[in-house]
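Printed here is run.cif (mmCIF, C-alpha atoms and all ligand atoms):
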```
data_protein
#
loop_
_atom_site.group_PDB
_atom_site.id
_atom_site.type_symbol
_atom_site.label_atom_id
_atom_site.label_comp_id
_atom_site.auth_asym_id
_atom_site.auth_seq_id
_atom_site.Cartn_x
_atom_site.Cartn_y
_atom_site.Cartn_z
ATOM 1 C CA MET V 1 81.417 130.772 49.444
ATOM 2 C CA SER V 2 80.682 127.794 51.638
ATOM 3 C CA ALA V 3 77.575 125.839 52.642
ATOM 4 C CA SER V 4 77.286 123.626 55.687
ATOM 5 C CA ALA V 5 74.723 121.415 57.409
ATOM 6 C CA PHE V 6 74.438 119.061 60.388
ATOM 7 C CA ALA V 7 72.406 115.856 60.637
ATOM 8 C CA PRO V 8 71.992 113.570 63.663
ATOM 9 C CA GLY V 9 72.794 109.896 64.116
ATOM 10 C CA LYS V 10 70.432 107.443 65.815
ATOM 11 C CA ILE V 11 70.134 104.598 68.271
ATOM 12 C CA ILE V 12 67.651 101.729 68.166
ATOM 13 C CA LEU V 13 65.878 101.784 71.525
ATOM 14 C CA MET V 14 64.082 98.443 71.026
ATOM 15 C CA GLY V 15 63.214 95.929 68.332
ATOM 16 C CA GLU V 16 66.382 95.493 66.221
ATOM 17 C CA HIS V 17 66.341 92.170 64.306
ATOM 18 C CA ALA V 18 62.643 91.732 65.128
ATOM 19 C CA VAL V 19 62.010 94.495 62.578
ATOM 20 C CA VAL V 20 63.636 92.436 59.823
ATOM 21 C CA HIS V 21 60.912 89.820 60.412
ATOM 22 C CA GLY V 22 57.893 92.123 60.300
ATOM 23 C CA HIS V 23 57.724 93.372 63.911
ATOM 24 C CA LYS V 24 58.103 97.005 64.982
ATOM 25 C CA ALA V 25 61.288 98.741 66.134
ATOM 26 C CA LEU V 26 61.755 102.090 67.868
ATOM 27 C CA ALA V 27 64.632 104.372 66.837
ATOM 28 C CA MET V 28 65.615 107.765 68.223
ATOM 29 C CA ALA V 29 67.739 110.523 66.678
ATOM 30 C CA VAL V 30 70.557 111.647 68.984
ATOM 31 C CA ASP V 31 72.388 114.887 69.665
ATOM 32 C CA ARG V 32 75.532 113.659 67.899
ATOM 33 C CA GLY V 33 76.018 113.478 64.206
ATOM 34 C CA MET V 34 77.824 114.645 61.113
ATOM 35 C CA THR V 35 78.584 118.154 59.930
ATOM 36 C CA VAL V 36 79.401 118.662 56.254
ATOM 37 C CA ARG V 37 80.962 121.889 54.944
ATOM 38 C CA LEU V 38 81.287 122.467 51.199
ATOM 39 C CA GLU V 39 83.780 124.975 49.886
ATOM 40 C CA GLU V 40 84.139 126.299 46.343
ATOM 41 C CA ARG V 41 87.687 125.728 45.134
ATOM 42 C CA PRO V 42 89.381 124.709 41.866
ATOM 43 C CA GLY V 43 90.135 121.051 41.106
ATOM 44 C CA PRO V 44 88.173 117.812 41.331
ATOM 45 C CA THR V 45 85.386 117.586 43.883
ATOM 46 C CA GLN V 46 86.715 115.477 46.716
ATOM 47 C CA LEU V 47 86.988 115.010 50.423
ATOM 48 C CA ASP V 48 89.371 117.527 51.984
ATOM 49 C CA SER V 49 89.217 115.858 55.449
ATOM 50 C CA PRO V 50 92.383 113.729 55.552
ATOM 51 C CA SER V 51 91.294 111.682 58.592
ATOM 52 C CA ILE V 52 88.401 110.004 56.741
ATOM 53 C CA HIS V 53 89.246 107.215 54.308
ATOM 54 C CA ASP V 54 86.433 105.378 52.629
ATOM 55 C CA PRO V 55 86.719 103.993 49.109
ATOM 56 C CA ARG V 56 82.983 104.625 48.543
ATOM 57 C CA MET V 57 83.237 108.331 49.293
ATOM 58 C CA ASP V 58 83.891 109.530 45.716
ATOM 59 C CA ALA V 59 80.805 107.692 44.452
ATOM 60 C CA ALA V 60 78.748 109.116 47.354
ATOM 61 C CA LEU V 61 79.835 112.694 46.581
ATOM 62 C CA ARG V 62 79.049 112.209 42.872
ATOM 63 C CA CYS V 63 75.392 111.565 43.800
ATOM 64 C CA VAL V 64 74.871 115.162 44.911
ATOM 65 C CA LEU V 65 77.796 117.332 43.767
ATOM 66 C CA PRO V 66 79.392 118.322 40.441
ATOM 67 C CA GLU V 67 82.592 116.531 39.354
ATOM 68 C CA THR V 68 84.788 119.569 39.936
ATOM 69 C CA GLY V 69 84.976 122.657 42.064
ATOM 70 C CA VAL V 70 83.945 121.556 45.563
ATOM 71 C CA GLY V 71 86.061 120.708 48.600
ATOM 72 C CA VAL V 72 84.169 118.590 51.146
ATOM 73 C CA HIS V 73 84.949 118.776 54.871
ATOM 74 C CA ILE V 74 83.360 116.313 57.290
ATOM 75 C CA HIS V 75 83.300 116.482 61.070
ATOM 76 C CA SER V 76 81.811 113.612 63.076
ATOM 77 C CA THR V 77 80.767 113.419 66.719
ATOM 78 C CA LEU V 78 79.531 109.836 66.200
ATOM 79 C CA PRO V 79 81.580 106.670 66.494
ATOM 80 C CA ILE V 80 81.784 105.318 62.923
ATOM 81 C CA GLY V 81 80.447 101.866 62.044
ATOM 82 C CA ARG V 82 78.891 101.131 65.449
ATOM 83 C CA GLY V 83 75.217 101.141 64.430
ATOM 84 C CA MET V 84 74.685 104.813 65.275
ATOM 85 C CA GLY V 85 73.703 105.744 61.738
ATOM 86 C CA SER V 86 76.883 107.598 60.801
ATOM 87 C CA SER V 87 76.525 106.990 57.061
ATOM 88 C CA ALA V 88 72.881 108.128 57.093
ATOM 89 C CA ALA V 89 73.801 111.267 59.053
ATOM 90 C CA LEU V 90 76.501 111.924 56.473
ATOM 91 C CA ALA V 91 73.988 111.352 53.669
ATOM 92 C CA VAL V 92 71.469 113.808 55.141
ATOM 93 C CA ALA V 93 74.086 116.460 55.990
ATOM 94 C CA LEU V 94 75.545 116.121 52.491
ATOM 95 C CA ALA V 95 72.082 116.391 50.917
ATOM 96 C CA ARG V 96 71.197 119.503 52.947
ATOM 97 C CA SER V 97 74.525 121.233 52.288
ATOM 98 C CA ALA V 98 74.413 120.399 48.554
ATOM 99 C CA LEU V 99 70.902 121.906 48.269
ATOM 100 C CA LYS V 100 72.034 125.016 50.187
ATOM 101 C CA ARG V 101 75.004 125.378 47.865
ATOM 102 C CA GLU V 102 72.661 125.343 44.856
ATOM 103 C CA GLY V 103 70.306 127.821 46.537
ATOM 104 C CA ARG V 104 67.513 125.218 46.501
ATOM 105 C CA PRO V 105 65.142 124.857 49.465
ATOM 106 C CA PRO V 106 65.830 121.742 51.583
ATOM 107 C CA THR V 107 62.318 120.344 51.134
ATOM 108 C CA HIS V 108 61.532 116.896 52.520
ATOM 109 C CA ASP V 109 61.417 115.330 49.050
ATOM 110 C CA ALA V 110 64.654 116.906 47.837
ATOM 111 C CA VAL V 111 66.642 115.940 50.975
ATOM 112 C CA ASN V 112 65.106 112.459 50.978
ATOM 113 C CA ALA V 113 65.970 111.775 47.329
ATOM 114 C CA HIS V 114 69.579 112.972 47.693
ATOM 115 C CA ALA V 115 70.141 111.238 51.033
ATOM 116 C CA PHE V 116 68.703 107.901 49.936
ATOM 117 C CA ALA V 117 70.953 107.944 46.829
ATOM 118 C CA VAL V 118 74.002 108.453 49.076
ATOM 119 C CA GLU V 119 72.847 105.758 51.556
ATOM 120 C CA ARG V 120 72.519 103.258 48.717
ATOM 121 C CA VAL V 121 76.189 103.817 47.815
ATOM 122 C CA PHE V 122 77.143 102.827 51.369
ATOM 123 C CA HIS V 123 74.558 100.116 52.077
ATOM 124 C CA GLY V 124 73.164 98.707 48.831
ATOM 125 C CA ALA V 125 69.518 98.215 49.813
ATOM 126 C CA PRO V 126 68.983 99.888 53.215
ATOM 127 C CA SER V 127 65.557 99.922 54.874
ATOM 128 C CA GLY V 128 65.663 103.723 54.929
ATOM 129 C CA ILE V 129 65.075 103.967 58.683
ATOM 130 C CA ASP V 130 68.449 105.527 59.434
ATOM 131 C CA HIS V 131 68.170 108.442 57.031
ATOM 132 C CA THR V 132 64.451 108.907 57.785
ATOM 133 C CA VAL V 133 65.140 109.274 61.526
ATOM 134 C CA SER V 134 68.118 111.520 60.781
ATOM 135 C CA MET V 135 65.948 113.763 58.576
ATOM 136 C CA HIS V 136 63.022 114.027 61.002
ATOM 137 C CA GLY V 137 64.804 113.983 64.354
ATOM 138 C CA GLY V 138 62.830 112.787 67.392
ATOM 139 C CA ALA V 139 61.828 109.144 67.750
ATOM 140 C CA MET V 140 60.049 106.842 65.325
ATOM 141 C CA LEU V 141 58.417 103.457 65.270
ATOM 142 C CA TYR V 142 59.114 101.648 62.068
ATOM 143 C CA GLN V 143 57.853 98.488 60.502
ATOM 144 C CA ARG V 144 58.512 96.769 57.215
ATOM 145 C CA ASN V 145 55.721 95.115 55.355
ATOM 146 C CA GLU V 146 55.126 94.023 51.808
ATOM 147 C CA ALA V 147 53.963 97.466 50.718
ATOM 148 C CA GLY V 148 57.203 98.977 52.076
ATOM 149 C CA PRO V 149 58.320 100.505 55.391
ATOM 150 C CA THR V 150 56.034 102.624 57.574
ATOM 151 C CA PHE V 151 57.287 105.284 59.974
ATOM 152 C CA GLU V 152 55.317 106.677 62.903
ATOM 153 C CA PRO V 153 56.713 109.610 64.916
ATOM 154 C CA ILE V 154 56.517 108.985 68.679
ATOM 155 C CA GLU V 155 56.857 111.656 71.342
ATOM 156 C CA LEU V 156 59.285 110.665 74.070
ATOM 157 C CA PRO V 157 60.266 112.687 77.131
ATOM 158 C CA PRO V 158 63.989 113.263 77.816
ATOM 159 C CA LEU V 159 65.464 109.870 78.808
ATOM 160 C CA PRO V 160 68.786 109.482 80.690
ATOM 161 C CA ILE V 161 70.566 107.286 78.139
ATOM 162 C CA VAL V 162 74.280 106.466 78.122
ATOM 163 C CA VAL V 163 75.960 104.907 75.069
ATOM 164 C CA ILE V 164 78.887 102.574 75.743
ATOM 165 C CA ASP V 165 81.043 101.641 72.752
ATOM 166 C CA SER V 166 82.355 98.053 72.790
ATOM 167 C CA GLY V 167 85.251 99.219 70.618
ATOM 168 C CA THR V 168 84.536 96.789 67.793
ATOM 169 C CA ALA V 169 82.184 96.974 64.846
ATOM 170 C CA GLY V 170 79.521 94.359 64.217
ATOM 171 C CA ASN V 171 78.621 93.469 60.640
ATOM 172 C CA THR V 172 74.898 94.088 60.121
ATOM 173 C CA ALA V 173 74.523 91.815 57.072
ATOM 174 C CA THR V 174 76.304 88.930 58.829
ATOM 175 C CA MET V 175 74.211 89.254 61.988
ATOM 176 C CA VAL V 176 70.935 89.524 60.042
ATOM 177 C CA ALA V 177 71.876 86.373 58.082
ATOM 178 C CA LYS V 178 72.807 84.530 61.294
ATOM 179 C CA VAL V 179 69.345 85.191 62.741
ATOM 180 C CA ALA V 180 67.588 84.264 59.488
ATOM 181 C CA ASN V 181 69.540 80.997 59.181
ATOM 182 C CA ASN V 182 67.887 79.714 62.356
ATOM 183 C CA ILE V 183 64.498 81.331 61.908
ATOM 184 C CA VAL V 184 62.664 78.272 63.256
ATOM 185 C CA GLY V 185 64.548 78.540 66.550
ATOM 186 C CA ASN V 186 64.428 82.343 66.633
ATOM 187 C CA ALA V 187 60.874 83.189 65.533
ATOM 188 C CA ALA V 188 59.349 83.041 69.030
ATOM 189 C CA HIS V 189 62.117 85.266 70.460
ATOM 190 C CA LEU V 190 61.618 87.808 67.666
ATOM 191 C CA ALA V 191 57.862 87.847 68.244
ATOM 192 C CA ALA V 192 58.511 88.315 71.979
ATOM 193 C CA MET V 193 60.673 91.366 71.144
ATOM 194 C CA GLY V 194 57.784 92.822 69.134
ATOM 195 C CA ASP V 195 55.355 92.209 72.028
ATOM 196 C CA LEU V 196 57.819 93.665 74.534
ATOM 197 C CA LEU V 197 58.125 96.899 72.549
ATOM 198 C CA ALA V 198 54.333 97.218 72.288
ATOM 199 C CA GLN V 199 53.978 96.651 76.064
ATOM 200 C CA SER V 200 56.826 99.060 76.890
ATOM 201 C CA LEU V 201 55.686 102.043 74.814
ATOM 202 C CA PRO V 202 53.588 103.598 77.607
ATOM 203 C CA ALA V 203 56.567 103.347 80.014
ATOM 204 C CA LEU V 204 58.846 104.928 77.399
ATOM 205 C CA GLN V 205 56.343 107.714 76.798
ATOM 206 C CA ARG V 206 55.992 108.552 80.475
ATOM 207 C CA GLY V 207 59.747 108.212 81.121
ATOM 208 C CA ASP V 208 59.431 105.451 83.714
ATOM 209 C CA ASP V 209 63.117 104.643 84.297
ATOM 210 C CA THR V 210 62.467 101.444 86.261
ATOM 211 C CA ALA V 211 60.020 99.946 83.774
ATOM 212 C CA ILE V 212 62.141 100.936 80.746
ATOM 213 C CA GLY V 213 65.236 99.444 82.390
ATOM 214 C CA GLU V 214 63.399 96.168 83.023
ATOM 215 C CA ALA V 215 62.197 96.077 79.421
ATOM 216 C CA TRP V 216 65.738 96.675 78.135
ATOM 217 C CA ARG V 217 67.081 93.815 80.302
ATOM 218 C CA GLU V 218 64.440 91.518 78.849
ATOM 219 C CA ASN V 219 65.112 92.794 75.303
ATOM 220 C CA HIS V 220 68.815 92.050 75.843
ATOM 221 C CA ARG V 221 68.060 88.498 77.072
ATOM 222 C CA LEU V 222 66.052 87.943 73.883
ATOM 223 C CA LEU V 223 68.923 89.315 71.765
ATOM 224 C CA GLN V 224 71.259 86.901 73.573
ATOM 225 C CA ALA V 225 68.837 84.072 72.823
ATOM 226 C CA ILE V 226 68.997 84.757 69.070
ATOM 227 C CA GLY V 227 72.803 84.768 69.239
ATOM 228 C CA VAL V 228 73.695 88.370 68.388
ATOM 229 C CA SER V 229 75.342 89.405 71.656
ATOM 230 C CA THR V 230 79.011 88.799 72.499
ATOM 231 C CA PRO V 231 80.843 88.166 75.800
ATOM 232 C CA THR V 232 82.140 91.767 75.729
ATOM 233 C CA ILE V 233 78.657 93.194 75.133
ATOM 234 C CA ASP V 234 77.275 91.083 78.008
ATOM 235 C CA THR V 235 80.077 92.284 80.291
ATOM 236 C CA ILE V 236 79.268 95.900 79.399
ATOM 237 C CA VAL V 237 75.538 95.388 80.047
ATOM 238 C CA ASN V 238 76.289 93.905 83.492
ATOM 239 C CA ALA V 239 78.832 96.619 84.337
ATOM 240 C CA ALA V 240 76.311 99.350 83.454
ATOM 241 C CA ILE V 241 73.685 97.770 85.706
ATOM 242 C CA GLU V 242 76.222 97.375 88.547
ATOM 243 C CA ALA V 243 77.001 101.089 88.157
ATOM 244 C CA GLY V 244 73.350 102.011 88.689
ATOM 245 C CA ALA V 245 71.642 101.689 85.304
ATOM 246 C CA THR V 246 68.095 100.366 85.655
ATOM 247 C CA GLY V 247 68.710 98.283 82.529
ATOM 248 C CA ALA V 248 70.906 98.010 79.448
ATOM 249 C CA LYS V 249 70.917 96.278 76.080
ATOM 250 C CA LEU V 250 72.892 96.056 72.906
ATOM 251 C CA ALA V 251 71.590 98.495 70.306
ATOM 252 C CA GLY V 252 71.827 97.791 66.587
ATOM 253 C CA ALA V 253 72.878 94.615 64.852
ATOM 254 C CA GLY V 254 75.152 93.240 67.611
ATOM 255 C CA GLY V 255 78.299 91.158 67.140
ATOM 256 C CA GLY V 256 80.044 94.287 68.518
ATOM 257 C CA GLY V 257 78.816 97.859 68.296
ATOM 258 C CA ILE V 258 77.229 99.705 71.208
ATOM 259 C CA VAL V 259 75.288 99.137 74.414
ATOM 260 C CA ILE V 260 72.646 101.614 75.596
ATOM 261 C CA ALA V 261 72.026 101.950 79.329
ATOM 262 C CA LEU V 262 69.152 103.703 81.055
ATOM 263 C CA ALA V 263 71.062 105.570 83.723
ATOM 264 C CA PRO V 264 69.284 107.902 86.173
ATOM 265 C CA ASP V 265 72.842 108.941 87.164
ATOM 266 C CA PRO V 266 74.542 109.092 83.737
ATOM 267 C CA GLN V 267 77.891 110.296 85.125
ATOM 268 C CA ALA V 268 78.224 107.232 87.375
ATOM 269 C CA VAL V 269 77.702 104.859 84.442
ATOM 270 C CA CYS V 270 80.014 106.861 82.147
ATOM 271 C CA SER V 271 82.798 106.859 84.774
ATOM 272 C CA ALA V 272 82.441 103.122 85.486
ATOM 273 C CA ALA V 273 82.639 102.354 81.760
ATOM 274 C CA THR V 274 85.536 104.711 81.124
ATOM 275 C CA GLN V 275 87.510 103.183 84.028
ATOM 276 C CA ARG V 276 87.201 99.821 82.296
ATOM 277 C CA GLY V 277 88.450 101.239 79.005
ATOM 278 C CA TRP V 278 85.178 101.676 77.101
ATOM 279 C CA ASN V 279 84.273 104.978 75.504
ATOM 280 C CA ALA V 280 80.962 106.121 77.039
ATOM 281 C CA PHE V 281 78.863 109.254 76.691
ATOM 282 C CA PRO V 282 75.328 110.441 77.497
ATOM 283 C CA VAL V 283 73.000 111.076 74.562
ATOM 284 C CA ALA V 284 69.863 113.167 74.332
ATOM 285 C CA GLN V 285 67.106 113.053 71.749
ATOM 286 C CA ALA V 286 67.711 115.285 68.721
ATOM 287 C CA PRO V 287 64.650 117.517 68.401
ATOM 288 C CA SER V 288 62.002 116.509 65.914
ATOM 289 C CA LEU V 289 61.533 118.855 62.965
ATOM 290 C CA ALA V 290 57.880 118.967 63.995
ATOM 291 C CA GLN V 291 59.033 120.816 67.133
ATOM 292 C CA PRO V 292 61.750 123.137 65.845
ATOM 293 C CA VAL V 293 64.274 124.493 68.342
ATOM 294 C CA GLN V 294 63.496 128.138 69.173
ATOM 295 C CA PRO V 295 66.194 130.532 67.930
HETATM 296 O O1 LIG V 301 73.445 98.305 63.653
HETATM 297 P P1 LIG V 301 72.491 98.899 62.682
HETATM 298 O O2 LIG V 301 72.105 100.293 62.950
HETATM 299 O O3 LIG V 301 72.879 98.625 61.255
HETATM 300 O O4 LIG V 301 71.100 98.175 62.985
HETATM 301 C C1 LIG V 301 70.664 97.066 62.345
HETATM 302 C C2 LIG V 301 69.251 96.788 62.749
HETATM 303 C C3 LIG V 301 68.766 95.446 62.250
HETATM 304 O O5 LIG V 301 67.430 95.326 62.699
HETATM 305 C C4 LIG V 301 69.583 94.312 62.853
HETATM 306 C C5 LIG V 301 68.835 95.352 60.745
HETATM 307 C C6 LIG V 301 67.873 96.247 59.990
HETATM 308 O O6 LIG V 301 68.113 96.471 58.784
HETATM 309 O O7 LIG V 301 66.853 96.673 60.531
#
```
Turn the structure described in the file into structure tokens.
Amino acid sequence: MSASAFAPGKIILMGEHAVVHGHKALAMAVDRGMTVRLEERPGPTQLDSPSIHDPRMDAALRCVLPETGVGVHIHSTLPIGRGMGSSAALAVALARSALKREGRPPTHDAVNAHAFAVERVFHGAPSGIDHTVSMHGGAMLYQRNEAGPTFEPIELPPLPIVVIDSGTAGNTATMVAKVANNIVGNAAHLAAMGDLLAQSLPALQRGDDTAIGEAWRENHRLLQAIGVSTPTIDTIVNAAIEAGATGAKLAGAGGGGIVIALAPDPQAVCSAATQRGWNAFPVAQAPSLAQPVQP
């Protein structure tokens, strides 16, 4: 017998870093993610996918599976460690497949509890945004305050987004600390990011490519100002705009990771990026569970 489940990754459309300092951010689940397949077989429960090596994996599997009897296969269509929520997608897919295997319904609370336990193995004290967006699909505004994080689903139309991978991973904890260490110099930029997201929401919700592109350029300038971009990321942003994107920005913690470009002609931007040696691909919004895909 086997049980399998898929869960999507995410991109941060606007507001990364600002969200650490109390402002809102907007994240969107994407049509790439992790598929987990569990197979009953004798021997210790472990990963049977030889291409994935992560010393934390055994502890993660222990959160949701018995010590023996299960072979775990993982297939990813996300770049790993680039801020696209690969560990959260793994956590949610693992939670859903483990519940299926036990014949338990994948209720919100059961998936959430399992997935958050797995996320903590990978990230210590995560905000929870990644696995929340992965569980719900669609797009969400999130904000952290003293009482804890709040999540607000937002309806977005299809947006022509291209992801361009810089080829290196940024370290989220290091970048967050870098911004915090100069909070006096950065506070106004972070507040401006929060204001920019609030002003840009109507444009995002009506799918206004020109206005969204302009907002992303400004968001990227603010991310540069707080010191989380890199020369390679800036080169990618400029190359995407030269290839016809209305705007582009780094997405996630920075210091490496990915750029997102708003590209009315996604193929043109993908080809320009690929010619320069960067992996690039269009992404669409993963459907929200509130609007299930028709069979
Ligand atoms: O690159 P990611 O997906 O880990 O994004 C980090 C987003 C930050 O705002 C920089 C940090 C956070 O915890 O919100």
message: Just want the residues within 6 Å of ligand LIG 301 (chain V), written as a ChimeraX atom specification, counting all atoms listed in the file.
response: /V:16-17,19-20,83-85,127,172,176,252-253
Any chance you could resolve the PyMOL selection byres (((chain V and resi 254-259) around 10) and not hetatm) against this file and give the residues as a compact mmCIF listing (two decimals) with C-alpha atoms, in the coordinates of the input?
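Dumped everything to selection-v8.txt:
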```txt
# COMPACT_ATOMS: atom_id res chain seq x y z
CA ILE V 11 70.13 104.60 68.27
CA GLU V 16 66.38 95.49 66.22
CA HIS V 17 66.34 92.17 64.31
CA PRO V 79 81.58 106.67 66.49
CA ILE V 80 81.78 105.32 62.92
CA GLY V 81 80.45 101.87 62.04
CA ARG V 82 78.89 101.13 65.45
CA GLY V 83 75.22 101.14 64.43
CA MET V 84 74.68 104.81 65.28
CA VAL V 162 74.28 106.47 78.12
CA VAL V 163 75.96 104.91 75.07
CA ILE V 164 78.89 102.57 75.74
CA ASP V 165 81.04 101.64 72.75
CA SER V 166 82.36 98.05 72.79
CA GLY V 167 85.25 99.22 70.62
CA THR V 168 84.54 96.79 67.79
CA ALA V 169 82.18 96.97 64.85
CA GLY V 170 79.52 94.36 64.22
CA ASN V 171 78.62 93.47 60.64
CA THR V 172 74.90 94.09 60.12
CA THR V 174 76.30 88.93 58.83
CA MET V 175 74.21 89.25 61.99
CA VAL V 176 70.94 89.52 60.04
CA HIS V 220 68.82 92.05 75.84
CA LEU V 223 68.92 89.32 71.76
CA GLN V 224 71.26 86.90 73.57
CA GLY V 227 72.80 84.77 69.24
CA VAL V 228 73.69 88.37 68.39
CA SER V 229 75.34 89.40 71.66
CA THR V 230 79.01 88.80 72.50
CA PRO V 231 80.84 88.17 75.80
CA THR V 232 82.14 91.77 75.73
CA ILE V 233 78.66 93.19 75.13
CA ASP V 234 77.28 91.08 78.01
CA ILE V 236 79.27 95.90 79.40
CA VAL V 237 75.54 95.39 80.05
CA ALA V 240 76.31 99.35 83.45
CA ALA V 248 70.91 98.01 79.45
CA LYS V 249 70.92 96.28 76.08
CA LEU V 250 72.89 96.06 72.91
CA ALA V 251 71.59 98.50 70.31
CA GLY V 252 71.83 97.79 66.59
CA ALA V 253 72.88 94.62 64.85
CA ILE V 260 72.65 101.61 75.60
CA ALA V 261 72.03 101.95 79.33
CA ASN V 279 84.27 104.98 75.50
CA ALA V 280 80.96 106.12 77.04
```
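Across V:Ser49, V:Thr107, V:His136, V:Gly22, the tightest approach to V:Gly148 is made by V:Gly22 when counting only C-alpha atoms.
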- request: Between atom CA of V:His53 and atom CA of V:Thr274, measure the distance and give it in Å to one decimal.
  value: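 That distance, rounded to one decimal, is 27.2 Å.
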field: Residue among V:Asp48, V:Glu67, V:Asp31, V:Asp58 lying closest to V:Phe122, counting all atoms listed in the file
entry: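 Smallest separation from V:Phe122 among the options: V:Asp58.
Using all atoms listed in the file, the protein and nucleic acid residues lying at most 12 Å from the point (74.2, 101.7, 48.5) are Arg56, Met57, Ala59, Ala60, Cys63, Ser87, Ala88, Ala91, Ala115, Phe116, Ala117, Val118, Glu119, Arg120, Val121, Phe122, His123, Gly124, Ala125, Pro126, Ser127 and Gly128 of chain V.
Closest to V:Tyr142 among V:Met14, V:Leu99, V:Ile226, V:Ile129 is V:Ile129, based on all atoms listed in the file.
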task: Might you spell out which residues the PyMOL selection byres (((chain V and resi 2) around 9) and not hetatm) would select in the displayed file, as a list in words?
output: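 Evaluating the PyMOL selection byres (((chain V and resi 2) around 9) and not hetatm) on these coordinates yields Met1, Ala3, Ser4, Arg37, Leu38, Glu39, Glu40 and Arg101 of chain V.
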Kindly resolve the PyMOL selection byres (((chain V and resi 272) around 10) and not hetatm) on the present coordinates and return the residues as a PDB file with C-alpha atoms, in the coordinates of the input.
```pdb
ATOM      1  CA  ILE V 236      79.268  95.900  79.399  1.00  0.00           C
ATOM      2  CA  ALA V 239      78.832  96.619  84.337  1.00  0.00           C
ATOM      3  CA  ALA V 240      76.311  99.350  83.454  1.00  0.00           C
ATOM      4  CA  GLU V 242      76.222  97.375  88.547  1.00  0.00           C
ATOM      5  CA  ALA V 243      77.001 101.089  88.157  1.00  0.00           C
ATOM      6  CA  GLY V 244      73.350 102.011  88.689  1.00  0.00           C
ATOM      7  CA  GLN V 267      77.891 110.296  85.125  1.00  0.00           C
ATOM      8  CA  ALA V 268      78.224 107.232  87.375  1.00  0.00           C
ATOM      9  CA  VAL V 269      77.702 104.859  84.442  1.00  0.00           C
ATOM     10  CA  CYS V 270      80.014 106.861  82.147  1.00  0.00           C
ATOM     11  CA  SER V 271      82.798 106.859  84.774  1.00  0.00           C
ATOM     12  CA  ALA V 273      82.639 102.354  81.760  1.00  0.00           C
ATOM     13  CA  THR V 274      85.536 104.711  81.124  1.00  0.00           C
ATOM     14  CA  GLN V 275      87.510 103.183  84.028  1.00  0.00           C
ATOM     15  CA  ARG V 276      87.201  99.821  82.296  1.00  0.00           C
ATOM     16  CA  GLY V 277      88.450 101.239  79.005  1.00  0.00           C
ATOM     17  CA  TRP V 278      85.178 101.676  77.101  1.00  0.00           C
ATOM     18  CA  ALA V 280      80.962 106.121  77.039  1.00  0.00           C
TER      19      ALA V 280
END
```
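If you look at atom CA of V:His131 and atom CA of V:Glu155, they are 18.5 Å away from each other.
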task: Just give me the gap between atom CA of V:Ser200 and atom CA of V:Ser288 in Å, one decimal is fine.
output: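 Interatomic distance here is 21.3 Å.
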- request: Would you be able to write out as a PyMOL selection string which residues have an atom within 6 Å of (65.3, 108.3, 68.5) in the file's coordinates, counting all atoms listed in the file?
  value: chain V and resi 10+27-29+138-139
- line: Closest of V:Ser51, V:Thr150, V:Thr246, V:Gln205 to V:Ala25, counting all atoms listed in the file, is V:Thr150
field: Given only C-alpha atoms as the counted atoms, nearest of V:Gly71, V:Gly207, V:Pro42, V:Gly15 to V:Pro160
entry: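 Distance minimum relative to V:Pro160 lands on V:Gly207.
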field: Among the residues V:Gln199, V:Asn186, V:Thr35, V:Gln285, the one that comes closest to V:Gly137 [using all atoms listed in the file]
entry: V:Gln285
Please report, as AutoDock Vina command-line options, the centre and edge lengths in Å to one decimal of an axis-aligned box covering all listed atoms of stretch 176-190 of chain V with 8 Å per side.
```
--center_x 66.1 --center_y 83.9 --center_z 64.3 --size_x 29.5 --size_y 27.3 --size_z 28.4
```
Generate the missing atoms of stretch 57-65 of chain V up to N, CA and C atoms and report them as a short mmCIF file (atom, residue, chain, number, x, y, z; two decimals), in the coordinates of the input.
```
data_model
loop_
_atom_site.label_atom_id
_atom_site.label_comp_id
_atom_site.auth_asym_id
_atom_site.auth_seq_id
_atom_site.Cartn_x
_atom_site.Cartn_y
_atom_site.Cartn_z
N MET V 57 83.57 106.92 49.12
CA MET V 57 83.24 108.33 49.29
C MET V 57 83.08 109.07 47.97
N ASP V 58 83.99 108.80 46.99
CA ASP V 58 83.89 109.53 45.72
C ASP V 58 82.53 109.29 45.06
N ALA V 59 82.10 108.01 45.07
CA ALA V 59 80.81 107.69 44.45
C ALA V 59 79.67 108.39 45.21
N ALA V 60 79.79 108.46 46.55
CA ALA V 60 78.75 109.12 47.35
C ALA V 60 78.67 110.61 47.01
N LEU V 61 79.83 111.25 46.89
CA LEU V 61 79.83 112.69 46.58
C LEU V 61 79.26 112.96 45.20
N ARG V 62 79.56 112.05 44.24
CA ARG V 62 79.05 112.21 42.87
C ARG V 62 77.52 112.23 42.82
N CYS V 63 76.87 111.60 43.81
CA CYS V 63 75.39 111.56 43.80
C CYS V 63 74.80 112.96 43.93
N VAL V 64 75.51 113.87 44.59
CA VAL V 64 74.87 115.16 44.91
C VAL V 64 75.69 116.39 44.52
N LEU V 65 76.94 116.18 44.06
CA LEU V 65 77.80 117.33 43.77
C LEU V 65 78.36 117.23 42.35
#
```
